[in-house]
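Quick look at work_33.pdb (PDB, C-alpha atoms):
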MODEL        1
ATOM      1  CA  MET X 223       0.000   0.000   0.000  1.00  0.00           C
ATOM      2  CA  ARG X 224       1.172   3.517  -0.719  1.00  0.00           C
ATOM      3  CA  LEU X 225       0.499   6.330   1.745  1.00  0.00           C
ATOM      4  CA  ASP X 226       0.523  10.108   1.795  1.00  0.00           C
ATOM      5  CA  ILE X 227       2.018  11.523   4.993  1.00  0.00           C
ATOM      6  CA  TYR X 228       1.157  14.819   6.678  1.00  0.00           C
ATOM      7  CA  ARG X 229       2.707  16.417   9.740  1.00  0.00           C
ATOM      8  CA  ARG X 230       1.936  19.103  12.295  1.00  0.00           C
ATOM      9  CA  PRO X 231       4.168  20.748  14.853  1.00  0.00           C
ATOM     10  CA  GLU X 232       3.905  19.767  18.489  1.00  0.00           C
ATOM     11  CA  SER X 233       5.785  21.049  21.529  1.00  0.00           C
ATOM     12  CA  ASN X 234       9.578  21.108  21.829  1.00  0.00           C
ATOM     13  CA  GLY X 235      10.181  20.992  18.073  1.00  0.00           C
ATOM     14  CA  HIS X 236       8.557  17.570  17.635  1.00  0.00           C
ATOM     15  CA  PHE X 237       5.977  16.594  15.032  1.00  0.00           C
ATOM     16  CA  SER X 238       3.017  14.265  14.893  1.00  0.00           C
ATOM     17  CA  TYR X 239       2.294  12.515  11.607  1.00  0.00           C
ATOM     18  CA  LEU X 240      -0.863  11.387   9.852  1.00  0.00           C
ATOM     19  CA  ALA X 241      -0.884   8.762   7.080  1.00  0.00           C
ATOM     20  CA  VAL X 242      -3.732   8.190   4.617  1.00  0.00           C
ATOM     21  CA  PRO X 243      -3.950   5.921   1.569  1.00  0.00           C
ATOM     22  CA  GLU X 244      -2.325   7.613  -1.414  1.00  0.00           C
ATOM     23  CA  GLY X 245      -4.637  10.123  -3.099  1.00  0.00           C
ATOM     24  CA  LYS X 246      -7.304   9.979  -0.378  1.00  0.00           C
ATOM     25  CA  PRO X 247      -8.309  13.085   1.591  1.00  0.00           C
ATOM     26  CA  ILE X 248      -7.702  13.387   5.322  1.00  0.00           C
ATOM     27  CA  PRO X 249     -10.808  11.906   6.994  1.00  0.00           C
ATOM     28  CA  GLU X 250     -13.277  14.368   8.464  1.00  0.00           C
ATOM     29  CA  GLU X 251     -12.486  13.489  12.100  1.00  0.00           C
ATOM     30  CA  ALA X 252      -8.767  14.189  11.548  1.00  0.00           C
ATOM     31  CA  ILE X 253      -9.012  17.436   9.574  1.00  0.00           C
ATOM     32  CA  SER X 254      -6.911  20.150  11.081  1.00  0.00           C
ATOM     33  CA  VAL X 255      -5.764  23.385   9.456  1.00  0.00           C
ATOM     34  CA  ASP X 256      -2.215  22.836  10.661  1.00  0.00           C
ATOM     35  CA  TRP X 257      -1.502  19.544   8.788  1.00  0.00           C
ATOM     36  CA  GLU X 258       1.144  20.075   6.105  1.00  0.00           C
ATOM     37  CA  GLU X 259       2.336  17.648   3.463  1.00  0.00           C
ATOM     38  CA  ALA X 260       5.429  15.707   4.554  1.00  0.00           C
ATOM     39  CA  ASP X 261       5.742  12.906   1.965  1.00  0.00           C
ATOM     40  CA  ARG X 262       3.755  11.311  -0.854  1.00  0.00           C
ATOM     41  CA  GLY X 263       3.569   7.729  -2.071  1.00  0.00           C
ATOM     42  CA  VAL X 264       5.378   6.108   0.860  1.00  0.00           C
ATOM     43  CA  GLU X 265       5.375   2.350   0.284  1.00  0.00           C
ATOM     44  CA  VAL X 266       4.236   0.166   3.203  1.00  0.00           C
ATOM     45  CA  ALA X 267       4.598  -3.610   2.981  1.00  0.00           C
ATOM     46  CA  ASP X 268       1.885  -5.935   4.255  1.00  0.00           C
ATOM     47  CA  GLY X 269       2.612  -6.714   7.895  1.00  0.00           C
ATOM     48  CA  GLN X 270       5.048  -3.821   8.327  1.00  0.00           C
ATOM     49  CA  PRO X 271       4.915  -3.113  12.073  1.00  0.00           C
ATOM     50  CA  SER X 272       5.678   0.604  11.924  1.00  0.00           C
ATOM     51  CA  LEU X 273       6.670   3.655   9.931  1.00  0.00           C
ATOM     52  CA  ALA X 274       9.672   4.471  12.085  1.00  0.00           C
ATOM     53  CA  ASP X 275      10.517   7.699  10.223  1.00  0.00           C
ATOM     54  CA  PHE X 276       7.091   9.022  11.199  1.00  0.00           C
ATOM     55  CA  SER X 277       6.669   7.332  14.610  1.00  0.00           C
ATOM     56  CA  ILE X 278       3.520   5.526  13.453  1.00  0.00           C
ATOM     57  CA  ASP X 279       2.927   2.062  14.917  1.00  0.00           C
ATOM     58  CA  GLU X 280       0.804  -0.545  13.087  1.00  0.00           C
ATOM     59  CA  PRO X 281      -0.044   1.768  10.151  1.00  0.00           C
ATOM     60  CA  LEU X 282      -2.100  -0.742   8.148  1.00  0.00           C
ATOM     61  CA  GLN X 283      -4.093  -1.853  11.195  1.00  0.00           C
ATOM     62  CA  GLN X 284      -4.865   1.775  12.058  1.00  0.00           C
ATOM     63  CA  ILE X 285      -5.909   2.541   8.464  1.00  0.00           C
ATOM     64  CA  SER X 286      -8.115  -0.544   8.370  1.00  0.00           C
ATOM     65  CA  ALA X 287      -9.828   0.492  11.613  1.00  0.00           C
ATOM     66  CA  LYS X 288     -10.315   4.222  11.036  1.00  0.00           C
ATOM     67  CA  GLY X 289      -9.126   5.216   7.559  1.00  0.00           C
ATOM     68  CA  TYR X 290      -5.881   6.838   8.703  1.00  0.00           C
ATOM     69  CA  ALA X 291      -2.871   6.167  10.912  1.00  0.00           C
ATOM     70  CA  ILE X 292      -1.423   8.674  13.335  1.00  0.00           C
ATOM     71  CA  THR X 293       1.621   9.097  15.564  1.00  0.00           C
ATOM     72  CA  SER X 294       1.084   7.937  19.112  1.00  0.00           C
ATOM     73  CA  ILE X 295       1.283  10.745  21.650  1.00  0.00           C
ATOM     74  CA  LYS X 296       3.878   8.567  23.445  1.00  0.00           C
ATOM     75  CA  THR X 297       6.229   8.582  20.460  1.00  0.00           C
ATOM     76  CA  LEU X 298       6.101  12.007  18.876  1.00  0.00           C
ATOM     77  CA  GLY X 299       8.157  12.291  15.694  1.00  0.00           C
ATOM     78  CA  ASP X 300      11.703  13.427  15.152  1.00  0.00           C
ATOM     79  CA  PRO X 301      12.234  17.209  15.490  1.00  0.00           C
ATOM     80  CA  THR X 302      14.514  17.176  12.429  1.00  0.00           C
ATOM     81  CA  PRO X 303      13.248  19.787   9.957  1.00  0.00           C
ATOM     82  CA  MET X 304      12.115  18.751   6.491  1.00  0.00           C
ATOM     83  CA  PRO X 305      14.560  19.539   3.646  1.00  0.00           C
TER      84      PRO X 305
ENDMDL
END

Structure re-expressed in structure tokens:
Amino acid sequence: MRLDIYRRPESNGHFSYLAVPEGKPIPEEAISVDWEEADRGVEVADGQPSLADFSIDEPLQQISAKGYAITSIKTLGDPTPMP
């Protein structure tokens, strides 16, 4: 599956990330004006346990359950700025 990734700033220079199936809009319950595009067409293999670069655990399970996957509050993303 290919995913589009969005991010938003959190405290202390960290980011949270949201992943949706490629080409799909952000679901209504996750819409936020501060989401910005981070990456497009990220390939995720069946059974892949996480998207480590985006601190998203069980991305395909989350997408199956709610239509998107999101960073856990316990593992906010890397504060490294995007190029």

Each stretch 253-300 of chain X residue no farther than 9 Å from stretch 231-248 of chain X, nearest pair in Å, only C-alpha atoms, as a Markdown table:
| residue | atom | partner | partner_atom | distance |
| --- | --- | --- | --- | --- |
| X:Ile253 | CA | X:Ile248 | CA | 6.0 |
| X:Ser254 | CA | X:Ile248 | CA | 8.9 |
| X:Asp256 | CA | X:Pro231 | CA | 7.9 |
| X:Trp257 | CA | X:Leu240 | CA | 8.3 |
| X:Ala260 | CA | X:Tyr239 | CA | 8.4 |
| X:Arg262 | CA | X:Glu244 | CA | 7.1 |
| X:Gly263 | CA | X:Glu244 | CA | 5.9 |
| X:Val264 | CA | X:Glu244 | CA | 8.2 |
| X:Phe276 | CA | X:Tyr239 | CA | 5.9 |
| X:Ser277 | CA | X:Tyr239 | CA | 7.4 |
| X:Ile278 | CA | X:Tyr239 | CA | 7.3 |
| X:Pro281 | CA | X:Ala241 | CA | 7.7 |
| X:Ile285 | CA | X:Val242 | CA | 7.2 |
| X:Gly289 | CA | X:Val242 | CA | 6.8 |
| X:Tyr290 | CA | X:Val242 | CA | 4.8 |
| X:Ala291 | CA | X:Ala241 | CA | 5.0 |
| X:Ile292 | CA | X:Leu240 | CA | 4.5 |
| X:Thr293 | CA | X:Tyr239 | CA | 5.3 |
| X:Ser294 | CA | X:Ser238 | CA | 7.8 |
| X:Ile295 | CA | X:Ser238 | CA | 7.8 |
| X:Thr297 | CA | X:Ser238 | CA | 8.6 |
| X:Leu298 | CA | X:Ser238 | CA | 5.5 |
| X:Gly299 | CA | X:Phe237 | CA | 4.9 |
| X:Asp300 | CA | X:His236 | CA | 5.8 |

Run the PyMOL selection byres ((chain X and resi 265) around 8) against the file shown and list the residues it catches, as an MDAnalysis selection string. chainID X and resid 223:225 263:264 266:267

Store the residues picked out above in a file with C-alpha atoms, as a PDB file, in the coordinates of the input.
ATOM      1  CA  MET X 223       0.000   0.000   0.000  1.00  0.00           C
ATOM      2  CA  ARG X 224       1.172   3.517  -0.719  1.00  0.00           C
ATOM      3  CA  LEU X 225       0.499   6.330   1.745  1.00  0.00           C
ATOM      4  CA  GLY X 263       3.569   7.729  -2.071  1.00  0.00           C
ATOM      5  CA  VAL X 264       5.378   6.108   0.860  1.00  0.00           C
ATOM      6  CA  VAL X 266       4.236   0.166   3.203  1.00  0.00           C
ATOM      7  CA  ALA X 267       4.598  -3.610   2.981  1.00  0.00           C
TER       8      ALA X 267
END

Could you put an axis-aligned box around every listed atom of stretch 246-258 of chain X, padded by 4 Å on each side, and send me its centre and edge lengths in Å to one decimal, as JSON?
{"center_x": -6.1, "center_y": 16.7, "center_z": 5.9, "size_x": 22.4, "size_y": 21.4, "size_z": 20.5}

Determine the residue set returned by the PyMOL selection byres ((chain X and resi 282) around 8) for the present structure, and present it as a list in words. Asp268, Gly269, Gln270, Glu280, Pro281, Gln283, Gln284, Ile285, Ser286 and Ala291 of chain X

Can you work out the spacing between atom CA of X:Glu251 and atom CA of X:Ser272 in Å, to one decimal?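 Separating atom CA of X:Glu251 from atom CA of X:Ser272 is a distance of 22.3 Å.
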
Please, can stretch 266-283 of chain X be completed to N, CA and C atoms and returned as an mmCIF file, keeping the file's coordinate frame?
data_model
loop_
_atom_site.group_PDB
_atom_site.id
_atom_site.type_symbol
_atom_site.label_atom_id
_atom_site.label_comp_id
_atom_site.auth_asym_id
_atom_site.auth_seq_id
_atom_site.Cartn_x
_atom_site.Cartn_y
_atom_site.Cartn_z
ATOM 1 N N VAL X 266 4.333 0.931 1.958
ATOM 2 C CA VAL X 266 4.236 0.166 3.203
ATOM 3 C C VAL X 266 3.928 -1.281 2.831
ATOM 4 N N ALA X 267 4.786 -2.187 3.266
ATOM 5 C CA ALA X 267 4.598 -3.610 2.981
ATOM 6 C C ALA X 267 3.547 -4.206 3.909
ATOM 7 N N ASP X 268 2.835 -5.214 3.410
ATOM 8 C CA ASP X 268 1.885 -5.935 4.255
ATOM 9 C C ASP X 268 2.617 -6.442 5.493
ATOM 10 N N GLY X 269 2.025 -6.237 6.656
ATOM 11 C CA GLY X 269 2.612 -6.714 7.895
ATOM 12 C C GLY X 269 3.701 -5.825 8.469
ATOM 13 N N GLN X 270 4.012 -4.722 7.802
ATOM 14 C CA GLN X 270 5.048 -3.821 8.327
ATOM 15 C C GLN X 270 4.579 -3.270 9.674
ATOM 16 N N PRO X 271 5.375 -3.465 10.729
ATOM 17 C CA PRO X 271 4.915 -3.113 12.073
ATOM 18 C C PRO X 271 4.902 -1.614 12.386
ATOM 19 N N SER X 272 5.664 -0.830 11.624
ATOM 20 C CA SER X 272 5.678 0.604 11.924
ATOM 21 C C SER X 272 6.239 1.391 10.744
ATOM 22 N N LEU X 273 6.003 2.690 10.800
ATOM 23 C CA LEU X 273 6.670 3.655 9.931
ATOM 24 C C LEU X 273 7.588 4.443 10.856
ATOM 25 N N ALA X 274 8.762 3.911 11.085
ATOM 26 C CA ALA X 274 9.672 4.471 12.085
ATOM 27 C C ALA X 274 10.011 5.934 11.812
ATOM 28 N N ASP X 275 10.176 6.312 10.546
ATOM 29 C CA ASP X 275 10.517 7.699 10.223
ATOM 30 C C ASP X 275 9.438 8.678 10.664
ATOM 31 N N PHE X 276 8.216 8.167 10.832
ATOM 32 C CA PHE X 276 7.091 9.022 11.199
ATOM 33 C C PHE X 276 6.481 8.647 12.550
ATOM 34 N N SER X 277 7.127 7.764 13.278
ATOM 35 C CA SER X 277 6.669 7.332 14.610
ATOM 36 C C SER X 277 5.221 6.849 14.603
ATOM 37 N N ILE X 278 4.872 6.085 13.556
ATOM 38 C CA ILE X 278 3.520 5.526 13.453
ATOM 39 C C ILE X 278 3.615 4.011 13.622
ATOM 40 N N ASP X 279 2.969 3.507 14.668
ATOM 41 C CA ASP X 279 2.927 2.062 14.917
ATOM 42 C C ASP X 279 1.711 1.450 14.234
ATOM 43 N N GLU X 280 1.880 0.225 13.712
ATOM 44 C CA GLU X 280 0.804 -0.545 13.087
ATOM 45 C C GLU X 280 0.003 0.292 12.080
ATOM 46 N N PRO X 281 0.661 0.872 11.078
ATOM 47 C CA PRO X 281 -0.044 1.768 10.151
ATOM 48 C C PRO X 281 -1.206 1.109 9.407
ATOM 49 N N LEU X 282 -1.029 -0.112 8.912
ATOM 50 C CA LEU X 282 -2.100 -0.742 8.148
ATOM 51 C C LEU X 282 -3.279 -1.137 9.029
ATOM 52 N N GLN X 283 -3.005 -1.541 10.258
ATOM 53 C CA GLN X 283 -4.093 -1.853 11.195
ATOM 54 C C GLN X 283 -4.888 -0.590 11.526
#
